[in-house]
file target-v6.cif (mmCIF, C-alpha atoms)
data_upload
#
loop_
_atom_site.group_PDB
_atom_site.id
_atom_site.type_symbol
_atom_site.label_atom_id
_atom_site.label_comp_id
_atom_site.auth_asym_id
_atom_site.auth_seq_id
_atom_site.Cartn_x
_atom_site.Cartn_y
_atom_site.Cartn_z
ATOM 1 C CA MET A 1 10.177 84.924 23.448
ATOM 2 C CA LYS A 2 9.470 81.341 24.246
ATOM 3 C CA PHE A 3 7.016 79.531 22.025
ATOM 4 C CA ILE A 4 4.327 77.448 23.607
ATOM 5 C CA THR A 5 2.356 74.792 21.856
ATOM 6 C CA PHE A 6 -1.044 75.299 23.382
ATOM 7 C CA ILE A 7 -3.314 73.426 21.058
ATOM 8 C CA LEU A 8 -3.518 70.004 22.657
ATOM 9 C CA THR A 9 -0.561 68.087 23.889
ATOM 10 C CA LEU A 10 -1.373 64.515 23.017
ATOM 11 C CA LEU A 11 0.382 61.590 24.624
ATOM 12 C CA LEU A 12 1.809 58.731 22.562
ATOM 13 C CA SER A 13 0.676 55.617 24.342
ATOM 14 C CA SER A 14 -1.119 52.352 23.925
ATOM 15 C CA THR A 15 -4.207 54.030 25.384
ATOM 16 C CA ALA A 16 -4.784 56.121 22.265
ATOM 17 C CA LEU A 17 -8.368 56.713 21.199
ATOM 18 C CA SER A 18 -10.301 53.575 20.515
ATOM 19 C CA GLU A 19 -12.621 53.336 17.547
ATOM 20 C CA GLU A 20 -15.634 53.093 19.882
ATOM 21 C CA SER A 21 -14.798 56.152 21.968
ATOM 22 C CA LYS A 22 -16.203 59.390 20.699
ATOM 23 C CA GLU A 23 -15.350 61.386 23.827
ATOM 24 C CA ILE A 24 -12.010 63.167 24.193
ATOM 25 C CA ILE A 25 -11.059 64.001 27.776
ATOM 26 C CA ILE A 26 -8.857 67.077 28.135
ATOM 27 C CA ALA A 27 -7.432 68.287 31.445
ATOM 28 C CA GLY A 28 -5.498 71.289 32.697
ATOM 29 C CA ASP A 29 -5.274 73.678 35.577
ATOM 30 C CA ASN A 30 -7.145 76.973 35.536
ATOM 31 C CA TRP A 31 -5.245 79.373 33.290
ATOM 32 C CA CYS A 32 -8.072 81.592 32.172
ATOM 33 C CA PRO A 33 -8.707 82.770 29.473
ATOM 34 C CA ILE A 34 -6.734 79.936 27.828
ATOM 35 C CA ASN A 35 -8.532 77.249 29.828
ATOM 36 C CA CYS A 36 -10.794 78.243 32.690
ATOM 37 C CA GLY A 37 -12.718 76.408 35.377
ATOM 38 C CA GLU A 38 -14.467 73.131 34.692
ATOM 39 C CA GLN A 39 -17.751 74.552 36.057
ATOM 40 C CA ASP A 40 -17.416 77.921 34.279
ATOM 41 C CA SER A 41 -19.932 78.653 31.527
ATOM 42 C CA LYS A 42 -16.986 79.591 29.306
ATOM 43 C CA LYS A 43 -14.246 76.970 29.540
ATOM 44 C CA GLY A 44 -11.551 79.079 27.842
ATOM 45 C CA PHE A 45 -10.640 79.679 24.248
ATOM 46 C CA MET A 46 -8.402 76.606 23.861
ATOM 47 C CA ILE A 47 -11.172 74.330 25.117
ATOM 48 C CA ASP A 48 -13.568 76.097 22.730
ATOM 49 C CA VAL A 49 -11.158 75.563 19.815
ATOM 50 C CA ALA A 50 -10.691 71.886 20.687
ATOM 51 C CA THR A 51 -14.453 71.362 21.113
ATOM 52 C CA GLU A 52 -15.257 72.889 17.717
ATOM 53 C CA ALA A 53 -12.389 71.196 15.864
ATOM 54 C CA LEU A 54 -13.126 67.773 17.302
ATOM 55 C CA LYS A 55 -16.876 68.173 16.738
ATOM 56 C CA GLU A 56 -16.116 68.314 13.005
ATOM 57 C CA ALA A 57 -14.610 64.822 13.326
ATOM 58 C CA GLY A 58 -17.585 63.492 15.322
ATOM 59 C CA TYR A 59 -16.044 63.718 18.809
ATOM 60 C CA THR A 60 -17.236 65.410 21.969
ATOM 61 C CA VAL A 61 -14.918 67.032 24.506
ATOM 62 C CA ARG A 62 -15.048 66.626 28.265
ATOM 63 C CA TYR A 63 -12.832 69.138 30.063
ATOM 64 C CA MET A 64 -11.511 68.494 33.563
ATOM 65 C CA GLU A 65 -9.899 71.122 35.767
ATOM 66 C CA VAL A 66 -7.163 69.472 37.829
ATOM 67 C CA PRO A 67 -3.815 70.592 39.302
ATOM 68 C CA TRP A 68 -1.127 70.765 36.620
ATOM 69 C CA LEU A 69 1.117 67.931 37.790
ATOM 70 C CA ARG A 70 -1.931 65.690 38.169
ATOM 71 C CA ALA A 71 -3.025 66.464 34.589
ATOM 72 C CA ILE A 72 0.379 65.396 33.259
ATOM 73 C CA GLU A 73 0.295 62.224 35.385
ATOM 74 C CA MET A 74 -3.240 61.381 34.235
ATOM 75 C CA ALA A 75 -2.186 61.717 30.590
ATOM 76 C CA ARG A 76 0.849 59.500 31.114
ATOM 77 C CA GLU A 77 -1.367 56.889 32.785
ATOM 78 C CA GLY A 78 -3.851 57.015 29.895
ATOM 79 C CA ARG A 79 -6.748 58.237 32.053
ATOM 80 C CA ILE A 80 -7.189 61.307 29.823
ATOM 81 C CA HIS A 81 -6.401 61.961 26.176
ATOM 82 C CA ALA A 82 -4.813 65.404 26.279
ATOM 83 C CA ILE A 83 -3.648 68.314 28.397
ATOM 84 C CA VAL A 84 -3.918 71.962 27.502
ATOM 85 C CA GLY A 85 -1.341 74.689 28.049
ATOM 86 C CA ALA A 86 1.908 72.714 28.092
ATOM 87 C CA PHE A 87 5.436 73.787 27.364
ATOM 88 C CA LYS A 88 7.652 71.091 25.865
ATOM 89 C CA ASP A 89 9.701 71.046 29.078
ATOM 90 C CA ASP A 90 6.547 70.151 31.043
ATOM 91 C CA ALA A 91 6.197 66.795 29.309
ATOM 92 C CA PRO A 92 8.891 66.176 26.692
ATOM 93 C CA ASP A 93 7.483 62.717 25.935
ATOM 94 C CA PHE A 94 4.166 64.103 24.630
ATOM 95 C CA TYR A 95 3.230 65.028 21.063
ATOM 96 C CA TYR A 96 3.388 68.733 20.175
ATOM 97 C CA PRO A 97 2.245 70.404 16.972
ATOM 98 C CA GLN A 98 4.937 71.596 14.557
ATOM 99 C CA VAL A 99 3.536 75.132 14.575
ATOM 100 C CA PRO A 100 2.750 76.837 17.893
ATOM 101 C CA PHE A 101 -0.865 77.886 18.237
ATOM 102 C CA LEU A 102 0.012 80.797 20.501
ATOM 103 C CA GLN A 103 3.111 82.783 21.354
ATOM 104 C CA LEU A 104 3.507 84.107 24.880
ATOM 105 C CA SER A 105 5.722 86.777 26.284
ATOM 106 C CA PRO A 106 8.283 85.819 28.930
ATOM 107 C CA ASN A 107 7.272 85.283 32.553
ATOM 108 C CA SER A 108 5.785 88.193 34.450
ATOM 109 C CA LEU A 109 6.619 89.220 37.992
ATOM 110 C CA PHE A 110 4.059 90.782 40.296
ATOM 111 C CA MET A 111 4.837 92.765 43.413
ATOM 112 C CA LEU A 112 3.178 95.303 45.666
ATOM 113 C CA LYS A 113 3.180 98.865 44.408
ATOM 114 C CA GLU A 114 5.276 100.103 47.333
ATOM 115 C CA THR A 115 8.006 97.504 46.708
ATOM 116 C CA GLU A 116 11.306 99.016 45.597
ATOM 117 C CA TRP A 117 12.816 95.701 44.476
ATOM 118 C CA GLN A 118 13.797 95.373 40.823
ATOM 119 C CA TYR A 119 14.801 92.340 38.822
ATOM 120 C CA GLN A 120 18.336 92.541 37.400
ATOM 121 C CA ASN A 121 19.224 88.864 37.006
ATOM 122 C CA ILE A 122 18.425 85.525 38.642
ATOM 123 C CA ARG A 123 20.477 86.478 41.721
ATOM 124 C CA SER A 124 17.997 89.319 42.297
ATOM 125 C CA PHE A 125 15.687 86.725 43.852
ATOM 126 C CA ASN A 126 18.146 85.954 46.663
ATOM 127 C CA GLY A 127 16.575 87.054 49.929
ATOM 128 C CA VAL A 128 13.239 87.893 48.288
ATOM 129 C CA ARG A 129 10.187 85.772 49.060
ATOM 130 C CA ILE A 130 8.682 84.511 45.800
ATOM 131 C CA GLY A 131 5.690 82.347 44.970
ATOM 132 C CA VAL A 132 5.535 79.906 42.066
ATOM 133 C CA ILE A 133 3.231 77.138 40.881
ATOM 134 C CA LYS A 134 4.599 73.667 41.493
ATOM 135 C CA GLY A 135 5.378 71.877 38.253
ATOM 136 C CA TYR A 136 5.168 74.918 35.975
ATOM 137 C CA ASP A 137 7.898 75.500 33.424
ATOM 138 C CA TYR A 138 9.431 78.934 34.009
ATOM 139 C CA GLY A 139 12.344 78.511 31.593
ATOM 140 C CA ASP A 140 15.715 76.869 32.178
ATOM 141 C CA GLU A 141 17.301 79.530 34.387
ATOM 142 C CA MET A 142 14.303 79.965 36.703
ATOM 143 C CA ASN A 143 13.610 76.208 36.811
ATOM 144 C CA THR A 144 17.199 75.621 37.964
ATOM 145 C CA TYR A 145 16.828 78.346 40.591
ATOM 146 C CA ILE A 146 13.605 76.791 41.916
ATOM 147 C CA LYS A 147 15.144 73.309 42.045
ATOM 148 C CA SER A 148 18.118 74.652 44.042
ATOM 149 C CA PHE A 149 15.961 75.354 47.104
ATOM 150 C CA SER A 150 15.939 73.200 50.176
ATOM 151 C CA TYR A 151 12.490 73.716 51.607
ATOM 152 C CA SER A 152 11.734 74.687 55.163
ATOM 153 C CA LYS A 153 9.214 76.880 56.938
ATOM 154 C CA THR A 154 11.645 79.791 56.556
ATOM 155 C CA SER A 155 12.261 79.277 52.831
ATOM 156 C CA THR A 156 11.956 82.333 50.607
ATOM 157 C CA LEU A 157 10.339 80.198 47.893
ATOM 158 C CA VAL A 158 6.693 79.176 48.158
ATOM 159 C CA GLN A 159 5.478 76.517 45.714
ATOM 160 C CA LEU A 160 1.730 76.054 45.541
ATOM 161 C CA SER A 161 -0.357 73.579 43.603
ATOM 162 C CA GLY A 162 -4.050 73.033 43.112
ATOM 163 C CA ASN A 163 -6.747 74.610 40.984
ATOM 164 C CA ASP A 164 -6.471 77.952 42.763
ATOM 165 C CA ALA A 165 -2.667 78.226 43.106
ATOM 166 C CA VAL A 166 -2.390 81.511 41.193
ATOM 167 C CA GLU A 167 -5.181 83.076 43.241
ATOM 168 C CA ARG A 168 -3.622 81.889 46.521
ATOM 169 C CA ASN A 169 -0.193 83.225 45.539
ATOM 170 C CA LEU A 170 -1.757 86.608 44.777
ATOM 171 C CA LYS A 171 -3.538 86.565 48.145
ATOM 172 C CA PHE A 172 -0.234 85.825 49.903
ATOM 173 C CA LEU A 173 1.290 88.766 48.061
ATOM 174 C CA THR A 174 -1.474 91.223 48.966
ATOM 175 C CA ARG A 175 -1.309 90.084 52.608
ATOM 176 C CA LYS A 176 2.444 90.670 52.528
#
call {"tool": "encode", "arguments": {"input": "target-v6.cif", "output": "structure tokens"}}
result
Amino acid sequence: MKFITFILTLLLSSTALSEESKEIIIAGDNWCPINCGEQDSKKGFMIDVATEALKEAGYTVRYMEVPWLRAIEMAREGRIHAIVGAFKDDAPDFYYPQVPFLQLSPNSLFMLKETEWQYQNIRSFNGVRIGVIKGYDYGDEMNTYIKSFSYSKTSTLVQLSGNDAVERNLKFLTRK
């Protein structure tokens, strides 16, 4: 199983927290229940943990829901203080805690019930239309497979981004 350091991936930069600032801005894409929608009444358990932990130190948390690649870019540019839900391969230049806050199982594949396809190895994807989220870390083997595609309208790989990328991929699947 791959370990993920969910707590808060802080960026080392000259735009670190100033003494005057008591607001921490955290961003991520919707990955409920870990971090949910910005307008949701419940922001997700990692945002709740960060809010409570930082409150103890006198800080408030503002959570922003943005597409994943944009969240990483915003952190690198110093426009936000942290992202939530990162693998080390997503942003190797960021700070990660020594001990993972959460351990996830490997990637999951979803298909229609009537589909007879079965995963054997990475070559099993050849000729099968798959949907992924642009910028996500799926592990070395799958990341290499995704990067090997030359994209066209007839490509068997669909990469989506945005706050609703998972939902849209599932809709594409159910619509065949």
call {"tool": "resolve_selection", "arguments": {"input": "target-v6.cif", "expression": "the PyMOL selection byres ((chain A and resi 91) around 12)", "output": "MDAnalysis selection string"}}
result
chainID A and resid 5 9:12 68:69 71:76 82:90 92:96 135:137
call {"tool": "residues_around", "arguments": {"input": "target-v6.cif", "residues": "Phe125 (chain A)", "least_positions_apart": "4", "cutoff": "10 Å", "atoms": "only C-alpha atoms", "output": "JSON, numbers by chain"}}
result
{"A": [117, 118, 119, 120, 121, 129, 130, 142, 145, 156, 157]}
call {"tool": "closest_residue", "arguments": {"input": "target-v6.cif", "among": "A:Thr60, A:Asn107, A:Gly127, A:Asp164", "to": "Gly139 (chain A)", "atoms": "only C-alpha atoms"}}
result
A:Asn107
call {"tool": "atom_distance", "arguments": {"input": "target-v6.cif", "atom1": "CA of Val66 (chain A)", "atom2": "CA of Gly131 (chain A)"}}
result
19.5 Å
call {"tool": "atom_distance", "arguments": {"input": "target-v6.cif", "atom1": "CA of Ser161 (chain A)", "atom2": "CA of Lys134 (chain A)"}}
result
5.4 Å
call {"tool": "closest_residue", "arguments": {"input": "target-v6.cif", "among": "A:Lys147, A:Glu141, A:Leu112, A:Gln98", "to": "Leu170 (chain A)", "atoms": "only C-alpha atoms"}}
result
A:Leu112
call {"tool": "residues_around", "arguments": {"input": "target-v6.cif", "residues": "Leu54 (chain A)", "least_positions_apart": "4", "cutoff": "12 Å", "atoms": "all atoms listed in the file", "output": "CSV table (one decimal) with C-alpha atoms, in the coordinates of the input"}}
result
chain,number,residue,atom,x,y,z
A,7,ILE,CA,-3.3,73.4,21.1
A,8,LEU,CA,-3.5,70.0,22.7
A,22,LYS,CA,-16.2,59.4,20.7
A,23,GLU,CA,-15.4,61.4,23.8
A,24,ILE,CA,-12.0,63.2,24.2
A,25,ILE,CA,-11.1,64.0,27.8
A,26,ILE,CA,-8.9,67.1,28.1
A,46,MET,CA,-8.4,76.6,23.9
A,47,ILE,CA,-11.2,74.3,25.1
A,48,ASP,CA,-13.6,76.1,22.7
A,49,VAL,CA,-11.2,75.6,19.8
A,50,ALA,CA,-10.7,71.9,20.7
A,58,GLY,CA,-17.6,63.5,15.3
A,59,TYR,CA,-16.0,63.7,18.8
A,60,THR,CA,-17.2,65.4,22.0
A,61,VAL,CA,-14.9,67.0,24.5
A,62,ARG,CA,-15.0,66.6,28.3
call {"tool": "atom_distance", "arguments": {"input": "target-v6.cif", "atom1": "CA of Ala27 (chain A)", "atom2": "CA of Tyr63 (chain A)"}}
result
5.6 Å
call {"tool": "closest_residue", "arguments": {"input": "target-v6.cif", "among": "A:Ser108, A:Asn143, A:Ser21, A:Ser41", "to": "His81 (chain A)", "atoms": "all atoms listed in the file"}}
result
A:Ser21
call {"tool": "closest_residue", "arguments": {"input": "target-v6.cif", "among": "A:Arg123, A:Ile133, A:Thr51, A:Cys36", "to": "Gly162 (chain A)", "atoms": "only C-alpha atoms"}}
result
A:Ile133
call {"tool": "closest_residue", "arguments": {"input": "target-v6.cif", "among": "A:Lys176, A:Phe45, A:Arg79, A:Pro33", "to": "Glu114 (chain A)", "atoms": "only C-alpha atoms"}}
result
A:Lys176
call {"tool": "residues_around", "arguments": {"input": "target-v6.cif", "residues": "Gly44 (chain A)", "least_positions_apart": "5", "cutoff": "10 Å", "atoms": "all atoms listed in the file", "output": "mmCIF file with C-alpha atoms, in the coordinates of the input"}}
result
data_model
loop_
_atom_site.group_PDB
_atom_site.id
_atom_site.type_symbol
_atom_site.label_atom_id
_atom_site.label_comp_id
_atom_site.auth_asym_id
_atom_site.auth_seq_id
_atom_site.Cartn_x
_atom_site.Cartn_y
_atom_site.Cartn_z
ATOM 1 C CA ASN A 30 -7.145 76.973 35.536
ATOM 2 C CA TRP A 31 -5.245 79.373 33.290
ATOM 3 C CA CYS A 32 -8.072 81.592 32.172
ATOM 4 C CA PRO A 33 -8.707 82.770 29.473
ATOM 5 C CA ILE A 34 -6.734 79.936 27.828
ATOM 6 C CA ASN A 35 -8.532 77.249 29.828
ATOM 7 C CA CYS A 36 -10.794 78.243 32.690
ATOM 8 C CA GLY A 37 -12.718 76.408 35.377
ATOM 9 C CA GLU A 38 -14.467 73.131 34.692
ATOM 10 C CA VAL A 49 -11.158 75.563 19.815
#
